[in-house]
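Undergrad: Contents of final.cif (mmCIF, C-alpha atoms) are given next:
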```cif
data_input
#
loop_
_atom_site.group_PDB
_atom_site.id
_atom_site.type_symbol
_atom_site.label_atom_id
_atom_site.label_comp_id
_atom_site.auth_asym_id
_atom_site.auth_seq_id
_atom_site.Cartn_x
_atom_site.Cartn_y
_atom_site.Cartn_z
ATOM 1 C CA MET A 6 9.342 -16.727 6.627
ATOM 2 C CA LYS A 7 9.268 -16.307 2.862
ATOM 3 C CA LEU A 8 6.326 -14.624 1.167
ATOM 4 C CA GLU A 9 4.199 -17.249 -0.595
ATOM 5 C CA PRO A 10 4.101 -16.680 -4.385
ATOM 6 C CA ARG A 11 0.291 -16.867 -4.525
ATOM 7 C CA LEU A 12 -0.122 -14.220 -1.830
ATOM 8 C CA ALA A 13 2.591 -12.063 -3.412
ATOM 9 C CA VAL A 14 0.950 -12.156 -6.850
ATOM 10 C CA THR A 15 -2.474 -11.415 -5.368
ATOM 11 C CA VAL A 16 -1.236 -8.418 -3.378
ATOM 12 C CA ALA A 17 0.713 -7.043 -6.363
ATOM 13 C CA PHE A 18 -2.300 -7.448 -8.660
ATOM 14 C CA LEU A 19 -4.759 -5.801 -6.275
ATOM 15 C CA TYR A 20 -2.411 -2.920 -5.466
ATOM 16 C CA SER A 21 -1.736 -2.405 -9.195
ATOM 17 C CA LEU A 22 -5.461 -2.479 -9.922
ATOM 18 C CA GLY A 23 -5.977 0.353 -7.443
ATOM 19 C CA TYR A 24 -4.231 2.876 -9.705
ATOM 20 C CA PRO A 25 -6.548 2.670 -12.760
ATOM 21 C CA ILE A 26 -9.594 2.332 -10.488
ATOM 22 C CA GLY A 27 -8.504 5.449 -8.622
ATOM 23 C CA ALA A 28 -7.937 7.296 -11.903
ATOM 24 C CA LEU A 29 -11.444 6.375 -13.075
ATOM 25 C CA GLY A 30 -12.816 7.534 -9.731
ATOM 26 C CA VAL A 31 -11.071 10.917 -9.874
ATOM 27 C CA GLU A 32 -12.380 11.378 -13.418
ATOM 28 C CA ALA A 33 -15.923 10.995 -12.113
ATOM 29 C CA MET A 34 -15.754 12.635 -8.666
ATOM 30 C CA ALA A 35 -13.639 15.168 -6.792
ATOM 31 C CA PRO A 36 -10.837 13.480 -4.746
ATOM 32 C CA GLY A 37 -12.096 14.685 -1.342
ATOM 33 C CA PRO A 38 -15.564 13.122 -1.317
ATOM 34 C CA LEU A 39 -14.203 10.084 -3.166
ATOM 35 C CA LEU A 40 -11.746 9.438 -0.350
ATOM 36 C CA VAL A 41 -14.389 10.029 2.329
ATOM 37 C CA GLY A 42 -16.746 7.576 0.642
ATOM 38 C CA ARG A 43 -13.988 5.016 0.288
ATOM 39 C CA PHE A 44 -12.995 5.175 3.951
ATOM 40 C CA VAL A 45 -16.568 5.150 5.289
ATOM 41 C CA LEU A 46 -17.778 2.238 3.154
ATOM 42 C CA SER A 47 -14.540 0.289 3.644
ATOM 43 C CA GLY A 48 -14.715 0.716 7.410
ATOM 44 C CA LEU A 49 -18.279 -0.573 7.508
ATOM 45 C CA ALA A 50 -17.544 -3.540 5.228
ATOM 46 C CA LEU A 51 -14.401 -4.553 7.113
ATOM 47 C CA ALA A 52 -16.130 -4.214 10.492
ATOM 48 C CA VAL A 53 -18.908 -6.547 9.351
ATOM 49 C CA ILE A 54 -16.375 -9.079 8.027
ATOM 50 C CA ALA A 55 -14.423 -8.937 11.298
ATOM 51 C CA VAL A 56 -17.580 -9.623 13.338
ATOM 52 C CA VAL A 57 -18.835 -12.428 11.065
ATOM 53 C CA THR A 58 -15.470 -14.209 10.955
ATOM 54 C CA GLY A 59 -14.786 -13.729 14.663
ATOM 55 C CA ALA A 60 -11.394 -12.197 13.923
ATOM 56 C CA ARG A 61 -9.211 -11.385 16.920
ATOM 57 C CA ARG A 62 -9.521 -7.660 17.572
ATOM 58 C CA PRO A 63 -6.713 -5.556 19.039
ATOM 59 C CA ARG A 64 -7.263 -4.252 22.540
ATOM 60 C CA GLY A 65 -5.462 -1.859 24.860
ATOM 61 C CA VAL A 66 -2.065 -0.821 23.568
ATOM 62 C CA GLN A 67 -2.548 -2.848 20.384
ATOM 63 C CA LEU A 68 -5.739 -0.900 19.629
ATOM 64 C CA ARG A 69 -3.717 2.301 19.820
ATOM 65 C CA ASP A 70 -1.070 0.767 17.564
ATOM 66 C CA ALA A 71 -3.739 -0.306 15.064
ATOM 67 C CA VAL A 72 -4.995 3.279 14.890
ATOM 68 C CA VAL A 73 -1.455 4.580 14.306
ATOM 69 C CA VAL A 74 -0.729 1.982 11.613
ATOM 70 C CA GLY A 75 -4.068 2.714 9.954
ATOM 71 C CA LEU A 76 -3.523 6.465 9.923
ATOM 72 C CA LEU A 77 -0.086 6.004 8.368
ATOM 73 C CA THR A 78 -1.028 3.447 5.706
ATOM 74 C CA GLN A 79 -4.441 4.908 4.907
ATOM 75 C CA ALA A 80 -4.806 8.608 5.771
ATOM 76 C CA VAL A 81 -1.199 9.736 5.307
ATOM 77 C CA GLN A 82 -0.623 7.663 2.170
ATOM 78 C CA PHE A 83 -3.797 8.500 0.259
ATOM 79 C CA ILE A 84 -4.261 12.091 1.401
ATOM 80 C CA GLY A 85 -0.608 12.718 0.539
ATOM 81 C CA CYS A 86 -1.089 11.304 -2.958
ATOM 82 C CA TYR A 87 -4.350 13.141 -3.627
ATOM 83 C CA GLU A 88 -2.977 16.399 -2.208
ATOM 84 C CA ALA A 89 0.041 16.125 -4.494
ATOM 85 C CA MET A 90 -2.188 15.773 -7.537
ATOM 86 C CA ARG A 91 -4.397 18.619 -6.310
ATOM 87 C CA LEU A 92 -1.283 20.811 -6.184
ATOM 88 C CA GLY A 93 -0.456 19.881 -9.754
ATOM 89 C CA VAL A 94 2.072 17.092 -9.291
ATOM 90 C CA SER A 95 1.861 14.623 -12.168
ATOM 91 C CA PRO A 96 0.286 11.254 -11.267
ATOM 92 C CA VAL A 97 3.336 9.698 -12.955
ATOM 93 C CA LEU A 98 5.670 11.414 -10.495
ATOM 94 C CA VAL A 99 3.407 10.482 -7.567
ATOM 95 C CA ALA A 100 3.505 6.820 -8.591
ATOM 96 C CA LEU A 101 7.285 7.011 -9.066
ATOM 97 C CA VAL A 102 7.789 8.336 -5.529
ATOM 98 C CA ILE A 103 5.483 5.714 -3.964
ATOM 99 C CA ALA A 104 7.314 2.994 -5.900
ATOM 100 C CA MET A 105 10.417 3.770 -3.849
ATOM 101 C CA ASN A 106 8.716 1.867 -1.010
ATOM 102 C CA PRO A 107 11.218 -1.056 -1.061
ATOM 103 C CA LEU A 108 14.153 1.271 -0.427
ATOM 104 C CA ALA A 109 12.335 3.344 2.216
ATOM 105 C CA THR A 110 11.057 0.248 4.025
ATOM 106 C CA ALA A 111 14.480 -1.429 4.012
ATOM 107 C CA VAL A 112 16.031 1.646 5.636
ATOM 108 C CA LEU A 113 13.271 1.921 8.249
ATOM 109 C CA ALA A 114 13.300 -1.822 9.000
ATOM 110 C CA ALA A 115 17.055 -1.706 9.515
ATOM 111 C CA ALA A 116 16.769 1.325 11.799
ATOM 112 C CA LEU A 117 13.706 0.281 13.830
ATOM 113 C CA LEU A 118 13.816 -3.517 13.735
ATOM 114 C CA GLY A 119 17.539 -4.122 13.378
ATOM 115 C CA GLU A 120 17.027 -6.088 10.162
ATOM 116 C CA ARG A 121 20.271 -6.728 8.314
ATOM 117 C CA ILE A 122 20.396 -5.903 4.613
ATOM 118 C CA SER A 123 22.187 -8.882 3.086
ATOM 119 C CA ARG A 124 24.039 -8.753 -0.226
ATOM 120 C CA ARG A 125 21.178 -10.568 -1.892
ATOM 121 C CA ARG A 126 18.637 -8.077 -0.491
ATOM 122 C CA ALA A 127 20.881 -5.173 -1.528
ATOM 123 C CA VAL A 128 21.004 -6.478 -5.105
ATOM 124 C CA ALA A 129 17.215 -6.924 -5.036
ATOM 125 C CA LEU A 130 16.766 -3.318 -3.857
ATOM 126 C CA VAL A 131 18.978 -1.999 -6.646
ATOM 127 C CA LEU A 132 17.025 -4.030 -9.211
ATOM 128 C CA ALA A 133 13.743 -2.779 -7.724
ATOM 129 C CA VAL A 134 14.794 0.835 -8.197
ATOM 130 C CA VAL A 135 16.044 0.086 -11.723
ATOM 131 C CA ALA A 136 12.733 -1.626 -12.559
ATOM 132 C CA VAL A 137 10.742 1.415 -11.465
ATOM 133 C CA VAL A 138 12.987 3.877 -13.300
ATOM 134 C CA VAL A 139 12.883 1.801 -16.491
ATOM 135 C CA ALA A 140 9.100 1.486 -16.266
ATOM 136 C CA PHE A 141 8.731 5.266 -16.015
ATOM 137 C CA THR A 142 11.366 6.150 -18.609
ATOM 138 C CA GLY A 143 9.849 8.390 -21.252
ATOM 139 C CA ARG A 144 7.010 9.493 -18.998
ATOM 140 C CA VAL A 145 8.886 11.621 -16.478
ATOM 141 C CA ALA A 146 11.080 13.629 -18.829
ATOM 142 C CA ASP A 147 8.595 16.497 -19.027
ATOM 143 C CA VAL A 148 7.452 16.313 -15.411
ATOM 144 C CA GLY A 149 8.403 19.333 -13.353
ATOM 145 C CA ILE A 150 9.573 18.951 -9.771
ATOM 146 C CA ASP A 151 8.826 21.596 -7.154
ATOM 147 C CA ALA A 152 7.984 21.901 -3.451
ATOM 148 C CA ALA A 153 4.633 20.129 -4.018
ATOM 149 C CA VAL A 154 6.525 16.858 -4.513
ATOM 150 C CA LEU A 155 6.939 16.765 -0.726
ATOM 151 C CA ALA A 156 3.320 15.559 -0.522
ATOM 152 C CA PRO A 157 3.968 12.159 -2.183
ATOM 153 C CA VAL A 158 7.185 11.863 -0.166
ATOM 154 C CA VAL A 159 5.066 12.186 2.991
ATOM 155 C CA ALA A 160 2.715 9.545 1.531
ATOM 156 C CA LEU A 161 5.695 7.239 0.938
ATOM 157 C CA VAL A 162 6.913 7.661 4.519
ATOM 158 C CA GLY A 163 3.397 6.892 5.790
ATOM 159 C CA LEU A 164 3.150 3.676 3.768
ATOM 160 C CA SER A 165 6.653 2.479 4.644
ATOM 161 C CA LEU A 166 6.571 3.394 8.334
ATOM 162 C CA GLY A 167 3.072 1.925 8.700
ATOM 163 C CA GLY A 168 4.269 -1.404 7.307
ATOM 164 C CA VAL A 169 7.264 -1.524 9.630
ATOM 165 C CA LEU A 170 5.139 -0.662 12.683
ATOM 166 C CA GLN A 171 2.597 -3.290 11.624
ATOM 167 C CA GLN A 172 5.374 -5.892 11.683
ATOM 168 C CA ARG A 173 6.756 -4.684 15.002
ATOM 169 C CA ARG A 174 3.584 -4.020 16.996
ATOM 170 C CA LEU A 175 0.777 -6.131 15.505
ATOM 171 C CA ALA A 176 2.393 -9.454 14.631
ATOM 172 C CA ASP A 177 -0.363 -11.510 16.307
ATOM 173 C CA VAL A 178 -3.441 -9.481 15.340
ATOM 174 C CA ASP A 179 -5.743 -10.297 12.428
ATOM 175 C CA ALA A 180 -5.382 -7.954 9.454
ATOM 176 C CA VAL A 181 -9.148 -7.498 8.934
ATOM 177 C CA PRO A 182 -9.908 -5.629 12.186
ATOM 178 C CA VAL A 183 -6.627 -3.715 11.848
ATOM 179 C CA SER A 184 -7.763 -2.538 8.402
ATOM 180 C CA ALA A 185 -11.232 -1.701 9.736
ATOM 181 C CA ILE A 186 -9.783 0.362 12.573
ATOM 182 C CA GLY A 187 -7.334 2.066 10.230
ATOM 183 C CA VAL A 188 -9.837 3.267 7.646
ATOM 184 C CA THR A 189 -12.363 4.278 10.323
ATOM 185 C CA ALA A 190 -9.748 6.362 12.134
ATOM 186 C CA SER A 191 -8.857 7.968 8.792
ATOM 187 C CA VAL A 192 -12.390 9.204 8.049
ATOM 188 C CA PRO A 193 -12.117 12.528 9.989
ATOM 189 C CA PHE A 194 -8.870 13.349 8.184
ATOM 190 C CA ALA A 195 -10.460 12.574 4.815
ATOM 191 C CA VAL A 196 -13.372 14.862 5.692
ATOM 192 C CA LEU A 197 -10.934 17.630 6.641
ATOM 193 C CA PHE A 198 -9.068 17.098 3.369
ATOM 194 C CA SER A 199 -12.311 17.343 1.377
ATOM 195 C CA LEU A 200 -13.058 20.764 2.881
ATOM 196 C CA PHE A 201 -10.074 22.253 1.041
ATOM 197 C CA GLY A 202 -11.204 21.179 -2.420
ATOM 198 C CA PRO A 203 -14.273 20.911 -4.635
ATOM 199 C CA VAL A 204 -17.165 18.628 -3.720
ATOM 200 C CA GLU A 205 -18.426 17.651 -7.133
ATOM 201 C CA VAL A 206 -19.640 14.594 -9.034
ATOM 202 C CA TYR A 207 -18.974 14.688 -12.767
ATOM 203 C CA ASP A 208 -20.312 11.248 -13.752
ATOM 204 C CA ALA A 209 -22.585 9.624 -11.165
ATOM 205 C CA ARG A 210 -22.569 6.124 -12.662
ATOM 206 C CA GLN A 211 -18.794 5.942 -13.076
ATOM 207 C CA ALA A 212 -18.316 7.483 -9.638
ATOM 208 C CA VAL A 213 -20.456 4.826 -7.931
ATOM 209 C CA LEU A 214 -18.855 1.927 -9.809
ATOM 210 C CA SER A 215 -15.341 3.219 -9.184
ATOM 211 C CA LEU A 216 -16.052 3.811 -5.504
ATOM 212 C CA LEU A 217 -17.454 0.309 -5.029
ATOM 213 C CA ALA A 218 -14.470 -1.170 -6.882
ATOM 214 C CA MET A 219 -12.062 0.789 -4.669
ATOM 215 C CA VAL A 220 -13.817 -0.445 -1.545
ATOM 216 C CA VAL A 221 -13.848 -4.109 -2.597
ATOM 217 C CA PHE A 222 -10.554 -4.503 -4.447
ATOM 218 C CA SER A 223 -8.338 -1.851 -2.858
ATOM 219 C CA SER A 224 -9.519 -1.573 0.756
ATOM 220 C CA VAL A 225 -11.295 -4.802 1.735
ATOM 221 C CA LEU A 226 -9.058 -7.138 -0.261
ATOM 222 C CA GLY A 227 -5.957 -5.178 -1.261
ATOM 223 C CA MET A 228 -4.956 -3.412 1.956
ATOM 224 C CA THR A 229 -6.070 -6.320 4.165
ATOM 225 C CA LEU A 230 -3.970 -8.810 2.226
ATOM 226 C CA TYR A 231 -1.079 -6.327 2.190
ATOM 227 C CA LEU A 232 -1.151 -6.185 5.995
ATOM 228 C CA GLN A 233 -1.559 -9.965 6.098
ATOM 229 C CA ALA A 234 1.537 -10.360 3.932
ATOM 230 C CA VAL A 235 3.498 -7.984 6.181
ATOM 231 C CA ARG A 236 2.427 -10.030 9.201
ATOM 232 C CA ARG A 237 3.677 -13.236 7.611
ATOM 233 C CA ALA A 238 6.832 -12.183 5.779
ATOM 234 C CA GLY A 239 7.840 -8.782 7.148
ATOM 235 C CA ALA A 240 7.552 -5.268 5.759
ATOM 236 C CA ALA A 241 10.868 -5.230 3.893
ATOM 237 C CA GLN A 242 10.106 -8.403 1.932
ATOM 238 C CA VAL A 243 6.549 -7.352 1.057
ATOM 239 C CA SER A 244 7.647 -3.881 -0.027
ATOM 240 C CA MET A 245 9.659 -5.534 -2.822
ATOM 241 C CA LEU A 246 6.348 -6.044 -4.615
ATOM 242 C CA PHE A 247 6.484 -2.354 -5.509
ATOM 243 C CA ALA A 248 9.173 -3.293 -8.013
ATOM 244 C CA VAL A 249 6.427 -4.776 -10.227
ATOM 245 C CA ILE A 250 3.397 -2.742 -9.134
ATOM 246 C CA PRO A 251 4.081 0.318 -11.375
ATOM 247 C CA SER A 252 4.407 -1.868 -14.483
ATOM 248 C CA GLY A 253 1.395 -3.913 -13.420
ATOM 249 C CA ALA A 254 -0.611 -0.731 -12.945
ATOM 250 C CA ALA A 255 0.372 0.462 -16.424
ATOM 251 C CA LEU A 256 -0.767 -2.809 -18.004
ATOM 252 C CA LEU A 257 -4.072 -2.770 -16.103
ATOM 253 C CA THR A 258 -4.585 0.886 -17.050
ATOM 254 C CA TRP A 259 -4.177 -0.191 -20.658
ATOM 255 C CA ALA A 260 -6.804 -2.903 -20.168
ATOM 256 C CA LEU A 261 -9.314 -0.649 -18.382
ATOM 257 C CA MET A 262 -8.664 2.787 -19.890
ATOM 258 C CA GLY A 263 -6.983 2.108 -23.225
ATOM 259 C CA THR A 264 -3.726 3.896 -22.354
ATOM 260 C CA ARG A 265 -1.135 1.786 -24.145
ATOM 261 C CA PRO A 266 2.134 1.285 -22.207
ATOM 262 C CA ASP A 267 5.579 1.586 -23.780
ATOM 263 C CA LEU A 268 8.327 -1.031 -23.936
ATOM 264 C CA GLY A 269 9.838 0.254 -20.678
ATOM 265 C CA VAL A 270 6.809 -1.038 -18.776
ATOM 266 C CA VAL A 271 7.380 -4.599 -19.987
ATOM 267 C CA VAL A 272 11.117 -4.451 -19.312
ATOM 268 C CA GLY A 273 10.466 -2.944 -15.895
ATOM 269 C CA LEU A 274 8.015 -5.737 -15.107
ATOM 270 C CA VAL A 275 10.635 -8.387 -15.909
ATOM 271 C CA ILE A 276 13.368 -6.674 -13.876
ATOM 272 C CA GLY A 277 10.923 -6.120 -11.031
ATOM 273 C CA ALA A 278 9.960 -9.782 -11.007
ATOM 274 C CA VAL A 279 13.634 -10.749 -10.682
ATOM 275 C CA ALA A 280 13.977 -8.262 -7.796
ATOM 276 C CA CYS A 281 10.975 -9.816 -6.045
ATOM 277 C CA VAL A 282 12.429 -13.332 -6.360
ATOM 278 C CA LEU A 283 15.788 -12.195 -4.977
ATOM 279 C CA GLY A 284 14.014 -10.330 -2.182
ATOM 280 C CA ARG A 285 12.230 -13.483 -1.016
ATOM 281 C CA GLU A 286 15.009 -14.551 1.319
ATOM 282 C CA ARG A 287 13.960 -16.058 4.622
ATOM 283 C CA GLY A 288 13.833 -13.271 7.179
ATOM 284 C CA ARG A 289 14.085 -13.289 10.942
ATOM 285 C CA SER A 290 11.313 -14.966 12.855
ATOM 286 C CA ALA A 291 8.518 -12.907 14.359
ATOM 287 C CA ALA A 292 9.791 -13.769 17.791
ATOM 288 C CA ALA A 293 13.216 -12.453 16.925
ATOM 289 C CA VAL A 294 11.674 -9.242 15.687
ATOM 290 C CA GLY A 295 9.799 -8.906 18.947
ATOM 291 C CA ASP A 296 13.022 -9.361 20.888
ATOM 292 C CA ALA A 297 14.822 -6.795 18.744
ATOM 293 C CA ALA A 298 11.982 -4.377 19.374
ATOM 294 C CA GLY A 299 12.508 -4.669 23.088
ATOM 295 C CA GLY A 300 9.627 -7.061 23.607
ATOM 296 C CA ASP A 301 7.064 -4.656 22.111
ATOM 297 C CA ALA A 302 5.508 -7.226 19.806
ATOM 298 C CA ALA A 303 3.445 -9.993 21.323
ATOM 299 C CA VAL A 304 4.193 -12.924 19.037
ATOM 300 C CA PRO A 305 2.399 -16.266 18.904
ATOM 301 C CA THR A 306 4.235 -19.529 18.408
ATOM 302 C CA ALA A 307 2.462 -20.112 15.119
ATOM 303 C CA VAL A 308 0.755 -17.885 12.623
ATOM 304 C CA GLY A 309 -2.586 -19.123 11.363
ATOM 305 C CA THR A 310 -4.108 -18.626 7.964
ATOM 306 C CA ARG A 311 -6.326 -15.598 7.536
ATOM 307 C CA VAL A 312 -8.330 -13.895 4.821
#
```
Using structure tokens, write down the structure from this file.

TA:
Amino acid sequence: MKLEPRLAVTVAFLYSLGYPIGALGVEAMAPGPLLVGRFVLSGLALAVIAVVTGARRPRGVQLRDAVVVGLLTQAVQFIGCYEAMRLGVSPVLVALVIAMNPLATAVLAAALLGERISRRRAVALVLAVVAVVVAFTGRVADVGIDAAVLAPVVALVGLSLGGVLQQRRLADVDAVPVSAIGVTASVPFAVLFSLFGPVEVYDARQAVLSLLAMVVFSSVLGMTLYLQAVRRAGAAQVSMLFAVIPSGAALLTWALMGTRPDLGVVVGLVIGAVACVLGRERGRSAAAVGDAAGGDAAVPTAVGTRV
């Protein structure tokens, strides 16, 4: 089914908001403990929400799949991004690599789910890449590229593969418990990551506010709604939102941190919006995806409304 505009806008806004919030957090606290705090608090909050709402929890094989999806979309993505910046990779280059999610997801969905890339989707993918490049024009010219850039590439693969596996394996499971399981399973890896860097707090007040904002807007709302969107519309369609997320993040960074964007950001936002509209073609049904996956996905006859 097509991705509803309201859900699409909400997911794009929340994901975009995560970038300036994360930047404010890293300004106030070392990345390692910041990530540990985010995963621990998010896991607790999501677990409580899952219990209160009576959300259907994955069991058996689906529990294992939820852990795998969570590790890919949470631990691999965020540790990869933070490790890249720790190694000196520019945040601009990290964001540029992650913004290639539509292309990476389309390739993985075609390979793993047998999804056909139509002409319309192909045009949308080209526009998505153009939108990202235009948005970053003028900010990547002086960015050096070395072996450390492999870290954000790993993060990109984690995000893209996690979305595809979410669509294939967890089509009938509520996104809230899946998110709770994912961030909880990621805690040990965040702790391990923190052992290789400083454990410092530079501004306690900003650190606490940023951490709480990351938990509420990025983890509890952002990632849960992202998984919800994947469940409804498929990973390839949802990944098209990354055509507008970099420009959206730049505009929100301007609002929160005073870093004024250039004209390329606005142009990229417009091109990205066109790519998203073109990418909203009606995909295969969940049942068809389950059949293509060899019957791996247990798919209900109807998908109910969730958080």

Undergrad: Give the answer as one residue: which of A:Gln67, A:Leu46, A:Arg11, A:Gly37 has the shortest atom-to-atom distance to Gly202 in chain A, using all atoms listed in the file?

TA: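 Distance minimum relative to Gly202 in chain A lands on A:Gly37.
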
Undergrad: Evaluating the PyMOL selection byres ((chain A and resi 71) around 9) on the displayed file yields which residues, as a VMD selection string?

TA: chain A and resid 63 66 to 70 72 to 76 171 174 to 175 182 to 184 186 to 187

Undergrad: With distances taken over all atoms listed in the file, which of A:Val138, A:Ala260, A:Leu98, A:Ala60 is nearest to Asp177 in chain A?

TA: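 Closest residue, counting all atoms listed in the file: A:Ala60.
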
Undergrad: Expressed in Å to a single decimal, how great is the separation between CA of Ala104 in chain A and CA of Ile250 in chain A?

TA: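 Result for CA of Ala104 in chain A versus CA of Ile250 in chain A: 7.7 Å, one decimal.
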
Undergrad: Hey, can you pull every residue with an atom no more than 6 Å from (18.6, -11.2, 0.6), using only C-alpha atoms, and send it as a list in words?

TA: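 Within 6 Å of (18.6, -11.2, 0.6), the protein and nucleic acid residues are Ser123, Arg125, Arg126, Gly284 and Glu286 of chain A.
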
Undergrad: I need the residue nearest Ala140 in chain A from this list: A:Gly85, A:Ala218, A:Gly119, A:Gly277. Use all atoms listed in the file for the distance.

TA: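 Nearest to Ala140 in chain A: A:Gly277.
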
Undergrad: Identify, on the basis of all atoms listed in the file, every residue whose closest approach to Leu197 in chain A does not exceed 12 Å; exclude the query and any residue fewer than 6 positions from it along the same chain; express the result as a PyMOL selection string.

TA: chain A and resi 37-38+40-41+80+84+88+191

Undergrad: What does the distance between CA of Leu8 in chain A and CA of Cys281 in chain A come to in Å, to one decimal place?

TA: 9.8 Å

Undergrad: Report the residues retrieved by the PyMOL selection byres ((chain A and resi 254) around 9) from the displayed file, expressed as a ChimeraX atom specification.

TA: /A:18,20-25,249-253,255-259

Undergrad: Nearest to Gln79 in chain A: which of A:Ala278, A:Ala160, A:Val225, A:Val272 is it, counting all atoms listed in the file?

TA: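 When distances to Gln79 in chain A are compared using all atoms listed in the file, the smallest one comes from A:Ala160.
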
Undergrad: Work out how far apart CA of Thr189 in chain A and CA of Ala109 in chain A are and give it in Å to one decimal.

TA: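 That distance, rounded to one decimal, is 26.0 Å.
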
Undergrad: Can you list, as number ranges by chain, every protein, DNA or RNA residue that comes within 12 Å of Ala50 in chain A when you count only C-alpha atoms, leaving out same-chain residues fewer than 6 positions away?

TA: A: 43-44, 56-57, 181-182, 184-186, 188-189, 217, 220-222, 224-226, 229

Undergrad: From the options A:Ile54, A:Leu246, A:Val135, A:Leu164, which residue's atoms come nearest to Gln82 in chain A, counting only C-alpha atoms?

TA: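 When distances to Gln82 in chain A are compared using only C-alpha atoms, the smallest one comes from A:Leu164.
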